[in-house]
file structure05.csv (CSV, N, CA and C atoms)
chain,number,residue,atom,x,y,z
A,267,GLY,N,36.5,-19.4,-59.0
A,267,GLY,CA,36.2,-18.8,-60.3
A,267,GLY,C,36.3,-17.3,-60.3
A,268,ARG,N,36.6,-16.7,-59.2
A,268,ARG,CA,36.7,-15.2,-59.2
A,268,ARG,C,38.1,-14.8,-59.7
A,269,LEU,N,39.1,-15.6,-59.6
A,269,LEU,CA,40.4,-15.3,-60.0
A,269,LEU,C,40.6,-15.4,-61.5
A,270,THR,N,41.4,-14.5,-62.1
A,270,THR,CA,41.8,-14.6,-63.5
A,270,THR,C,42.8,-15.7,-63.7
A,271,PHE,N,43.1,-16.1,-64.9
A,271,PHE,CA,44.1,-17.1,-65.2
A,271,PHE,C,45.5,-16.6,-64.7
A,272,HIS,N,45.8,-15.3,-64.8
A,272,HIS,CA,47.1,-14.8,-64.3
A,272,HIS,C,47.1,-14.8,-62.8
A,273,GLN,N,46.0,-14.5,-62.1
A,273,GLN,CA,46.0,-14.6,-60.7
A,273,GLN,C,46.2,-16.1,-60.2
A,274,ARG,N,45.6,-17.0,-60.9
A,274,ARG,CA,45.7,-18.4,-60.6
A,274,ARG,C,47.2,-18.8,-60.8
A,275,ALA,N,47.8,-18.4,-61.9
A,275,ALA,CA,49.2,-18.7,-62.2
A,275,ALA,C,50.1,-18.2,-61.1
A,276,LEU,N,49.8,-17.0,-60.6
A,276,LEU,CA,50.6,-16.5,-59.5
A,276,LEU,C,50.5,-17.3,-58.3
A,277,LYS,N,49.3,-17.8,-58.0
A,277,LYS,CA,49.1,-18.7,-56.9
A,277,LYS,C,49.9,-19.9,-57.0
A,278,LEU,N,50.0,-20.5,-58.2
A,278,LEU,CA,50.9,-21.7,-58.4
A,278,LEU,C,52.3,-21.3,-58.1
A,279,LYS,N,52.8,-20.1,-58.6
A,279,LYS,CA,54.1,-19.7,-58.3
A,279,LYS,C,54.4,-19.5,-56.8
A,280,GLU,N,53.4,-18.9,-56.1
A,280,GLU,CA,53.5,-18.8,-54.7
A,280,GLU,C,53.6,-20.1,-54.0
A,281,LEU,N,52.8,-21.1,-54.4
A,281,LEU,CA,52.9,-22.4,-53.8
A,281,LEU,C,54.2,-23.1,-54.1
A,282,ALA,N,54.8,-22.9,-55.3
A,282,ALA,CA,56.1,-23.5,-55.6
A,282,ALA,C,57.2,-22.8,-54.8
A,283,GLN,N,57.1,-21.5,-54.6
A,283,GLN,CA,58.1,-20.9,-53.7
A,283,GLN,C,58.0,-21.4,-52.3
A,284,TYR,N,56.8,-21.5,-51.8
A,284,TYR,CA,56.6,-22.0,-50.4
A,284,TYR,C,57.2,-23.4,-50.3
A,285,LEU,N,56.8,-24.3,-51.2
A,285,LEU,CA,57.3,-25.7,-51.2
A,285,LEU,C,58.8,-25.7,-51.4
A,286,ASN,N,59.4,-24.9,-52.2
A,286,ASN,CA,60.8,-24.8,-52.4
A,286,ASN,C,61.5,-24.4,-51.1
A,287,GLY,N,60.9,-23.6,-50.3
A,287,GLY,CA,61.5,-23.2,-49.1
A,287,GLY,C,61.4,-24.3,-48.0
A,288,HIS,N,60.6,-25.3,-48.3
A,288,HIS,CA,60.4,-26.4,-47.3
A,288,HIS,C,60.8,-27.8,-47.9
A,289,ARG,N,61.7,-27.7,-48.8
A,289,ARG,CA,62.2,-29.0,-49.5
A,289,ARG,C,62.7,-30.0,-48.5
A,290,GLU,N,63.5,-29.6,-47.5
A,290,GLU,CA,64.1,-30.5,-46.6
A,290,GLU,C,63.1,-31.3,-45.9
A,291,ALA,N,62.0,-30.7,-45.5
A,291,ALA,CA,60.9,-31.4,-44.8
A,291,ALA,C,60.3,-32.4,-45.8
A,292,LEU,N,60.1,-32.0,-47.0
A,292,LEU,CA,59.5,-32.9,-48.0
A,292,LEU,C,60.4,-34.0,-48.3
A,293,TYR,N,61.8,-33.8,-48.4
A,293,TYR,CA,62.7,-34.9,-48.6
A,293,TYR,C,62.6,-35.9,-47.4
A,294,GLU,N,62.5,-35.4,-46.2
A,294,GLU,CA,62.4,-36.3,-45.1
A,294,GLU,C,61.1,-37.2,-45.1
A,295,LEU,N,60.0,-36.5,-45.5
A,295,LEU,CA,58.8,-37.2,-45.6
A,295,LEU,C,58.8,-38.2,-46.7
A,296,SER,N,59.4,-37.9,-47.8
A,296,SER,CA,59.6,-38.8,-49.0
A,296,SER,C,60.5,-39.9,-48.6
A,297,HIS,N,61.6,-39.7,-47.8
A,297,HIS,CA,62.5,-40.7,-47.4
A,297,HIS,C,61.8,-41.8,-46.5
A,298,ARG,N,60.9,-41.3,-45.7
A,298,ARG,CA,60.2,-42.2,-44.9
A,298,ARG,C,59.3,-43.2,-45.6
A,299,THR,N,59.0,-42.9,-46.9
A,299,THR,CA,58.2,-43.8,-47.7
A,299,THR,C,59.1,-44.8,-48.4
A,300,GLY,N,60.4,-44.7,-48.3
A,300,GLY,CA,61.4,-45.6,-48.9
A,300,GLY,C,62.0,-44.9,-50.1
A,301,ALA,N,61.8,-43.7,-50.4
A,301,ALA,CA,62.4,-43.0,-51.6
A,301,ALA,C,63.8,-42.7,-51.3
A,302,THR,N,64.6,-42.8,-52.4
A,302,THR,CA,66.0,-42.5,-52.4
A,302,THR,C,66.2,-41.0,-52.7
A,303,LYS,N,67.5,-40.6,-52.6
A,303,LYS,CA,67.8,-39.2,-53.0
A,303,LYS,C,67.5,-38.9,-54.4
A,304,ILE,N,67.7,-39.8,-55.3
A,304,ILE,CA,67.4,-39.7,-56.7
A,304,ILE,C,65.9,-39.5,-56.9
A,305,ASP,N,65.1,-40.3,-56.1
A,305,ASP,CA,63.6,-40.2,-56.1
A,305,ASP,C,63.2,-38.8,-55.7
A,306,ASN,N,63.9,-38.2,-54.7
A,306,ASN,CA,63.6,-36.9,-54.3
A,306,ASN,C,63.7,-35.9,-55.4
A,307,MET,N,64.8,-36.1,-56.2
A,307,MET,CA,65.0,-35.1,-57.3
A,307,MET,C,63.8,-35.2,-58.3
A,308,ILE,N,63.3,-36.4,-58.6
A,308,ILE,CA,62.2,-36.6,-59.5
A,308,ILE,C,60.9,-36.1,-58.9
A,309,ASP,N,60.6,-36.6,-57.7
A,309,ASP,CA,59.3,-36.4,-57.1
A,309,ASP,C,59.2,-34.9,-56.5
A,310,VAL,N,60.1,-34.6,-55.6
A,310,VAL,CA,59.9,-33.3,-54.9
A,310,VAL,C,60.4,-32.2,-55.8
A,311,ASP,N,61.6,-32.2,-56.2
A,311,ASP,CA,62.1,-31.1,-57.1
A,311,ASP,C,61.4,-31.0,-58.4
A,312,GLY,N,61.1,-32.2,-58.9
A,312,GLY,CA,60.3,-32.2,-60.2
A,312,GLY,C,58.9,-31.6,-60.1
A,313,GLY,N,58.3,-32.0,-59.0
A,313,GLY,CA,56.9,-31.5,-58.7
A,313,GLY,C,56.9,-30.0,-58.5
A,314,ILE,N,57.9,-29.5,-57.8
A,314,ILE,CA,58.0,-28.0,-57.6
A,314,ILE,C,58.3,-27.3,-58.9
A,315,GLY,N,59.2,-27.9,-59.7
A,315,GLY,CA,59.5,-27.4,-61.0
A,315,GLY,C,58.3,-27.3,-61.9
A,316,VAL,N,57.4,-28.3,-61.8
A,316,VAL,CA,56.2,-28.3,-62.7
A,316,VAL,C,55.3,-27.1,-62.2
A,317,LEU,N,55.2,-26.8,-60.9
A,317,LEU,CA,54.4,-25.7,-60.5
A,317,LEU,C,55.0,-24.4,-61.0
A,318,PHE,N,56.3,-24.2,-60.9
A,318,PHE,CA,56.9,-23.0,-61.4
A,318,PHE,C,56.6,-22.9,-62.9
A,319,THR,N,56.7,-24.0,-63.7
A,319,THR,CA,56.5,-24.0,-65.1
A,319,THR,C,55.1,-23.6,-65.5
A,320,PHE,N,54.1,-24.2,-64.8
A,320,PHE,CA,52.7,-23.9,-65.1
A,320,PHE,C,52.4,-22.4,-64.7
A,321,GLY,N,53.0,-22.0,-63.6
A,321,GLY,CA,52.8,-20.6,-63.2
A,321,GLY,C,53.3,-19.6,-64.2
A,322,SER,N,54.4,-19.9,-64.8
A,322,SER,CA,54.9,-19.1,-65.9
A,322,SER,C,54.1,-19.2,-67.2
A,323,LYS,N,53.8,-20.4,-67.6
A,323,LYS,CA,53.0,-20.6,-68.8
A,323,LYS,C,51.7,-19.9,-68.7
A,324,GLY,N,51.0,-20.0,-67.5
A,324,GLY,CA,49.7,-19.4,-67.4
A,324,GLY,C,49.7,-17.9,-67.6
A,325,ARG,N,50.7,-17.3,-67.1
A,325,ARG,CA,50.8,-15.8,-67.3
A,325,ARG,C,51.3,-15.5,-68.7
A,326,ARG,N,52.1,-16.3,-69.3
A,326,ARG,CA,52.6,-16.0,-70.6
A,326,ARG,C,51.6,-16.4,-71.8
A,327,GLU,N,50.9,-17.5,-71.6
A,327,GLU,CA,50.1,-18.0,-72.7
A,327,GLU,C,48.6,-17.8,-72.6
A,328,LEU,N,48.1,-17.5,-71.4
A,328,LEU,CA,46.7,-17.3,-71.2
A,328,LEU,C,46.3,-15.9,-71.0
A,329,PRO,N,45.1,-15.5,-71.4
A,329,PRO,CA,44.7,-14.1,-71.1
A,329,PRO,C,44.5,-13.8,-69.7
A,330,ASN,N,44.6,-12.6,-69.3
A,330,ASN,CA,44.3,-12.2,-67.9
A,330,ASN,C,42.8,-12.0,-67.8
A,331,ALA,N,42.1,-13.1,-67.8
A,331,ALA,CA,40.6,-13.1,-67.8
A,331,ALA,C,40.2,-14.3,-67.0
A,332,GLN,N,38.9,-14.4,-66.7
A,332,GLN,CA,38.3,-15.5,-66.0
A,332,GLN,C,37.8,-16.6,-66.9
A,333,VAL,N,37.6,-16.3,-68.1
A,333,VAL,CA,37.1,-17.3,-69.1
A,333,VAL,C,37.9,-17.2,-70.4
A,334,ILE,N,38.1,-18.3,-71.0
A,334,ILE,CA,38.7,-18.3,-72.3
A,334,ILE,C,37.8,-19.2,-73.2
A,335,VAL,N,37.5,-18.6,-74.4
A,335,VAL,CA,36.6,-19.3,-75.3
A,335,VAL,C,37.6,-20.1,-76.2
A,336,ASP,N,37.3,-21.4,-76.3
A,336,ASP,CA,38.2,-22.3,-77.1
A,336,ASP,C,37.4,-22.7,-78.4
A,337,GLY,N,37.5,-21.9,-79.4
A,337,GLY,CA,36.9,-22.2,-80.7
A,337,GLY,C,35.5,-21.6,-80.8
A,338,PRO,N,35.0,-21.7,-82.0
A,338,PRO,CA,33.7,-21.1,-82.3
A,338,PRO,C,32.6,-22.1,-81.7
A,339,ALA,N,31.3,-21.5,-81.7
A,339,ALA,CA,30.2,-22.3,-81.3
A,339,ALA,C,29.9,-23.4,-82.4
A,340,GLU,N,29.5,-24.5,-82.0
A,340,GLU,CA,29.2,-25.6,-82.9
A,340,GLU,C,27.8,-26.1,-82.8
A,341,ARG,N,27.2,-26.3,-84.0
A,341,ARG,CA,25.8,-26.9,-84.0
A,341,ARG,C,25.9,-28.3,-83.5
A,342,LEU,N,25.0,-28.7,-82.6
A,342,LEU,CA,24.9,-30.0,-82.1
A,342,LEU,C,23.6,-30.7,-82.4
A,343,SER,N,22.7,-30.0,-83.1
A,343,SER,CA,21.5,-30.5,-83.5
A,343,SER,C,21.3,-30.2,-85.0
A,344,LYS,N,20.5,-31.0,-85.7
A,344,LYS,CA,20.3,-30.7,-87.1
A,344,LYS,C,19.7,-29.4,-87.4
A,345,ASP,N,18.7,-29.0,-86.6
A,345,ASP,CA,18.0,-27.7,-86.9
A,345,ASP,C,18.6,-26.5,-86.2
A,346,GLY,N,19.8,-26.7,-85.5
A,346,GLY,CA,20.5,-25.5,-84.9
A,346,GLY,C,19.9,-25.1,-83.6
A,347,SER,N,19.0,-25.9,-83.0
A,347,SER,CA,18.3,-25.4,-81.8
A,347,SER,C,19.2,-25.8,-80.6
A,348,PHE,N,20.3,-26.5,-80.8
A,348,PHE,CA,21.2,-26.8,-79.7
A,348,PHE,C,22.6,-26.6,-80.2
A,349,ILE,N,23.4,-25.7,-79.5
A,349,ILE,CA,24.7,-25.5,-79.9
A,349,ILE,C,25.6,-25.6,-78.6
A,350,GLY,N,26.9,-25.8,-78.9
A,350,GLY,CA,27.9,-25.9,-77.8
A,350,GLY,C,29.1,-25.0,-78.1
A,351,GLU,N,29.7,-24.6,-77.0
A,351,GLU,CA,30.9,-23.8,-77.1
A,351,GLU,C,31.8,-24.1,-75.9
A,352,HIS,N,33.1,-24.4,-76.2
A,352,HIS,CA,34.1,-24.6,-75.1
A,352,HIS,C,34.6,-23.3,-74.6

call {"tool": "encode", "arguments": {"input": "structure05.csv", "output": "structure tokens"}}
result
Amino acid sequence: GRLTFHQRALKLKELAQYLNGHREALYELSHRTGATKIDNMIDVDGGIGVLFTFGSKGRRELPNAQVIVDGPAERLSKDGSFIGEH
């Protein structure tokens, strides 16, 4: 919880870079489960690609903050004594 969204996104990018540099080992591990080369493209390369994408989206679309408020506070009780906010 101490990291901002941008810092977390950079961690995703770092993880993707690390995994990208170790793809051959991941291919071998995947092959031992019965996966084919095409499966590797979807599973290993696709998973690494998703990490890169979310790392970029997080820095591009989220604030450099620890908390993001998603909409206004909403009354959850008739008399307003209980409210909620995302």

call {"tool": "residues_around", "arguments": {"input": "structure05.csv", "residues": "A:Val335", "least_positions_apart": "2", "cutoff": "8 Å", "atoms": "only C-alpha atoms", "output": "list in words"}}
result
Val333, Gly337, Pro338, Glu351 and His352 of chain A

call {"tool": "closest_residue", "arguments": {"input": "structure05.csv", "among": "A:Lys279, A:His297, A:Arg341, A:Arg326", "to": "A:Ile314", "atoms": "only C-alpha atoms"}}
result
A:Lys279

call {"tool": "atom_distance", "arguments": {"input": "structure05.csv", "atom1": "atom CA of A:Leu276", "atom2": "atom N of A:Ile334"}}
result
17.1 Å

call {"tool": "select_by_dssp", "arguments": {"input": "structure05.csv", "residues": "chain A", "states": "helix (DSSP H, G or I)", "output": "PyMOL selection string"}}
result
chain A and resi 271-287+289-298+303-327

call {"tool": "write_last_selection", "arguments": {"input": "structure05.csv", "atoms": "N, CA and C atoms", "output": "short mmCIF file (atom, residue, chain, number, x, y, z; two decimals), in the frame of the given file"}}
result
data_model
loop_
_atom_site.label_atom_id
_atom_site.label_comp_id
_atom_site.auth_asym_id
_atom_site.auth_seq_id
_atom_site.Cartn_x
_atom_site.Cartn_y
_atom_site.Cartn_z
N PHE A 271 43.10 -16.10 -64.90
CA PHE A 271 44.10 -17.10 -65.20
C PHE A 271 45.50 -16.60 -64.70
N HIS A 272 45.80 -15.30 -64.80
CA HIS A 272 47.10 -14.80 -64.30
C HIS A 272 47.10 -14.80 -62.80
N GLN A 273 46.00 -14.50 -62.10
CA GLN A 273 46.00 -14.60 -60.70
C GLN A 273 46.20 -16.10 -60.20
N ARG A 274 45.60 -17.00 -60.90
CA ARG A 274 45.70 -18.40 -60.60
C ARG A 274 47.20 -18.80 -60.80
N ALA A 275 47.80 -18.40 -61.90
CA ALA A 275 49.20 -18.70 -62.20
C ALA A 275 50.10 -18.20 -61.10
N LEU A 276 49.80 -17.00 -60.60
CA LEU A 276 50.60 -16.50 -59.50
C LEU A 276 50.50 -17.30 -58.30
N LYS A 277 49.30 -17.80 -58.00
CA LYS A 277 49.10 -18.70 -56.90
C LYS A 277 49.90 -19.90 -57.00
N LEU A 278 50.00 -20.50 -58.20
CA LEU A 278 50.90 -21.70 -58.40
C LEU A 278 52.30 -21.30 -58.10
N LYS A 279 52.80 -20.10 -58.60
CA LYS A 279 54.10 -19.70 -58.30
C LYS A 279 54.40 -19.50 -56.80
N GLU A 280 53.40 -18.90 -56.10
CA GLU A 280 53.50 -18.80 -54.70
C GLU A 280 53.60 -20.10 -54.00
N LEU A 281 52.80 -21.10 -54.40
CA LEU A 281 52.90 -22.40 -53.80
C LEU A 281 54.20 -23.10 -54.10
N ALA A 282 54.80 -22.90 -55.30
CA ALA A 282 56.10 -23.50 -55.60
C ALA A 282 57.20 -22.80 -54.80
N GLN A 283 57.10 -21.50 -54.60
CA GLN A 283 58.10 -20.90 -53.70
C GLN A 283 58.00 -21.40 -52.30
N TYR A 284 56.80 -21.50 -51.80
CA TYR A 284 56.60 -22.00 -50.40
C TYR A 284 57.20 -23.40 -50.30
N LEU A 285 56.80 -24.30 -51.20
CA LEU A 285 57.30 -25.70 -51.20
C LEU A 285 58.80 -25.70 -51.40
N ASN A 286 59.40 -24.90 -52.20
CA ASN A 286 60.80 -24.80 -52.40
C ASN A 286 61.50 -24.40 -51.10
N GLY A 287 60.90 -23.60 -50.30
CA GLY A 287 61.50 -23.20 -49.10
C GLY A 287 61.40 -24.30 -48.00
N ARG A 289 61.70 -27.70 -48.80
CA ARG A 289 62.20 -29.00 -49.50
C ARG A 289 62.70 -30.00 -48.50
N GLU A 290 63.50 -29.60 -47.50
CA GLU A 290 64.10 -30.50 -46.60
C GLU A 290 63.10 -31.30 -45.90
N ALA A 291 62.00 -30.70 -45.50
CA ALA A 291 60.90 -31.40 -44.80
C ALA A 291 60.30 -32.40 -45.80
N LEU A 292 60.10 -32.00 -47.00
CA LEU A 292 59.50 -32.90 -48.00
C LEU A 292 60.40 -34.00 -48.30
N TYR A 293 61.80 -33.80 -48.40
CA TYR A 293 62.70 -34.90 -48.60
C TYR A 293 62.60 -35.90 -47.40
N GLU A 294 62.50 -35.40 -46.20
CA GLU A 294 62.40 -36.30 -45.10
C GLU A 294 61.10 -37.20 -45.10
N LEU A 295 60.00 -36.50 -45.50
CA LEU A 295 58.80 -37.20 -45.60
C LEU A 295 58.80 -38.20 -46.70
N SER A 296 59.40 -37.90 -47.80
CA SER A 296 59.60 -38.80 -49.00
C SER A 296 60.50 -39.90 -48.60
N HIS A 297 61.60 -39.70 -47.80
CA HIS A 297 62.50 -40.70 -47.40
C HIS A 297 61.80 -41.80 -46.50
N ARG A 298 60.90 -41.30 -45.70
CA ARG A 298 60.20 -42.20 -44.90
C ARG A 298 59.30 -43.20 -45.60
N LYS A 303 67.50 -40.60 -52.60
CA LYS A 303 67.80 -39.20 -53.00
C LYS A 303 67.50 -38.90 -54.40
N ILE A 304 67.70 -39.80 -55.30
CA ILE A 304 67.40 -39.70 -56.70
C ILE A 304 65.90 -39.50 -56.90
N ASP A 305 65.10 -40.30 -56.10
CA ASP A 305 63.60 -40.20 -56.10
C ASP A 305 63.20 -38.80 -55.70
N ASN A 306 63.90 -38.20 -54.70
CA ASN A 306 63.60 -36.90 -54.30
C ASN A 306 63.70 -35.90 -55.40
N MET A 307 64.80 -36.10 -56.20
CA MET A 307 65.00 -35.10 -57.30
C MET A 307 63.80 -35.20 -58.30
N ILE A 308 63.30 -36.40 -58.60
CA ILE A 308 62.20 -36.60 -59.50
C ILE A 308 60.90 -36.10 -58.90
N ASP A 309 60.60 -36.60 -57.70
CA ASP A 309 59.30 -36.40 -57.10
C ASP A 309 59.20 -34.90 -56.50
N VAL A 310 60.10 -34.60 -55.60
CA VAL A 310 59.90 -33.30 -54.90
C VAL A 310 60.40 -32.20 -55.80
N ASP A 311 61.60 -32.20 -56.20
CA ASP A 311 62.10 -31.10 -57.10
C ASP A 311 61.40 -31.00 -58.40
N GLY A 312 61.10 -32.20 -58.90
CA GLY A 312 60.30 -32.20 -60.20
C GLY A 312 58.90 -31.60 -60.10
N GLY A 313 58.30 -32.00 -59.00
CA GLY A 313 56.90 -31.50 -58.70
C GLY A 313 56.90 -30.00 -58.50
N ILE A 314 57.90 -29.50 -57.80
CA ILE A 314 58.00 -28.00 -57.60
C ILE A 314 58.30 -27.30 -58.90
N GLY A 315 59.20 -27.90 -59.70
CA GLY A 315 59.50 -27.40 -61.00
C GLY A 315 58.30 -27.30 -61.90
N VAL A 316 57.40 -28.30 -61.80
CA VAL A 316 56.20 -28.30 -62.70
C VAL A 316 55.30 -27.10 -62.20
N LEU A 317 55.20 -26.80 -60.90
CA LEU A 317 54.40 -25.70 -60.50
C LEU A 317 55.00 -24.40 -61.00
N PHE A 318 56.30 -24.20 -60.90
CA PHE A 318 56.90 -23.00 -61.40
C PHE A 318 56.60 -22.90 -62.90
N THR A 319 56.70 -24.00 -63.70
CA THR A 319 56.50 -24.00 -65.10
C THR A 319 55.10 -23.60 -65.50
N PHE A 320 54.10 -24.20 -64.80
CA PHE A 320 52.70 -23.90 -65.10
C PHE A 320 52.40 -22.40 -64.70
N GLY A 321 53.00 -22.00 -63.60
CA GLY A 321 52.80 -20.60 -63.20
C GLY A 321 53.30 -19.60 -64.20
N SER A 322 54.40 -19.90 -64.80
CA SER A 322 54.90 -19.10 -65.90
C SER A 322 54.10 -19.20 -67.20
N LYS A 323 53.80 -20.40 -67.60
CA LYS A 323 53.00 -20.60 -68.80
C LYS A 323 51.70 -19.90 -68.70
N GLY A 324 51.00 -20.00 -67.50
CA GLY A 324 49.70 -19.40 -67.40
C GLY A 324 49.70 -17.90 -67.60
N ARG A 325 50.70 -17.30 -67.10
CA ARG A 325 50.80 -15.80 -67.30
C ARG A 325 51.30 -15.50 -68.70
N ARG A 326 52.10 -16.30 -69.30
CA ARG A 326 52.60 -16.00 -70.60
C ARG A 326 51.60 -16.40 -71.80
N GLU A 327 50.90 -17.50 -71.60
CA GLU A 327 50.10 -18.00 -72.70
C GLU A 327 48.60 -17.80 -72.60
#

call {"tool": "closest_residue", "arguments": {"input": "structure05.csv", "among": "A:Leu328, A:Leu317, A:Ala275, A:Val310", "to": "A:Tyr293", "atoms": "all atoms listed in the file"}}
result
A:Val310
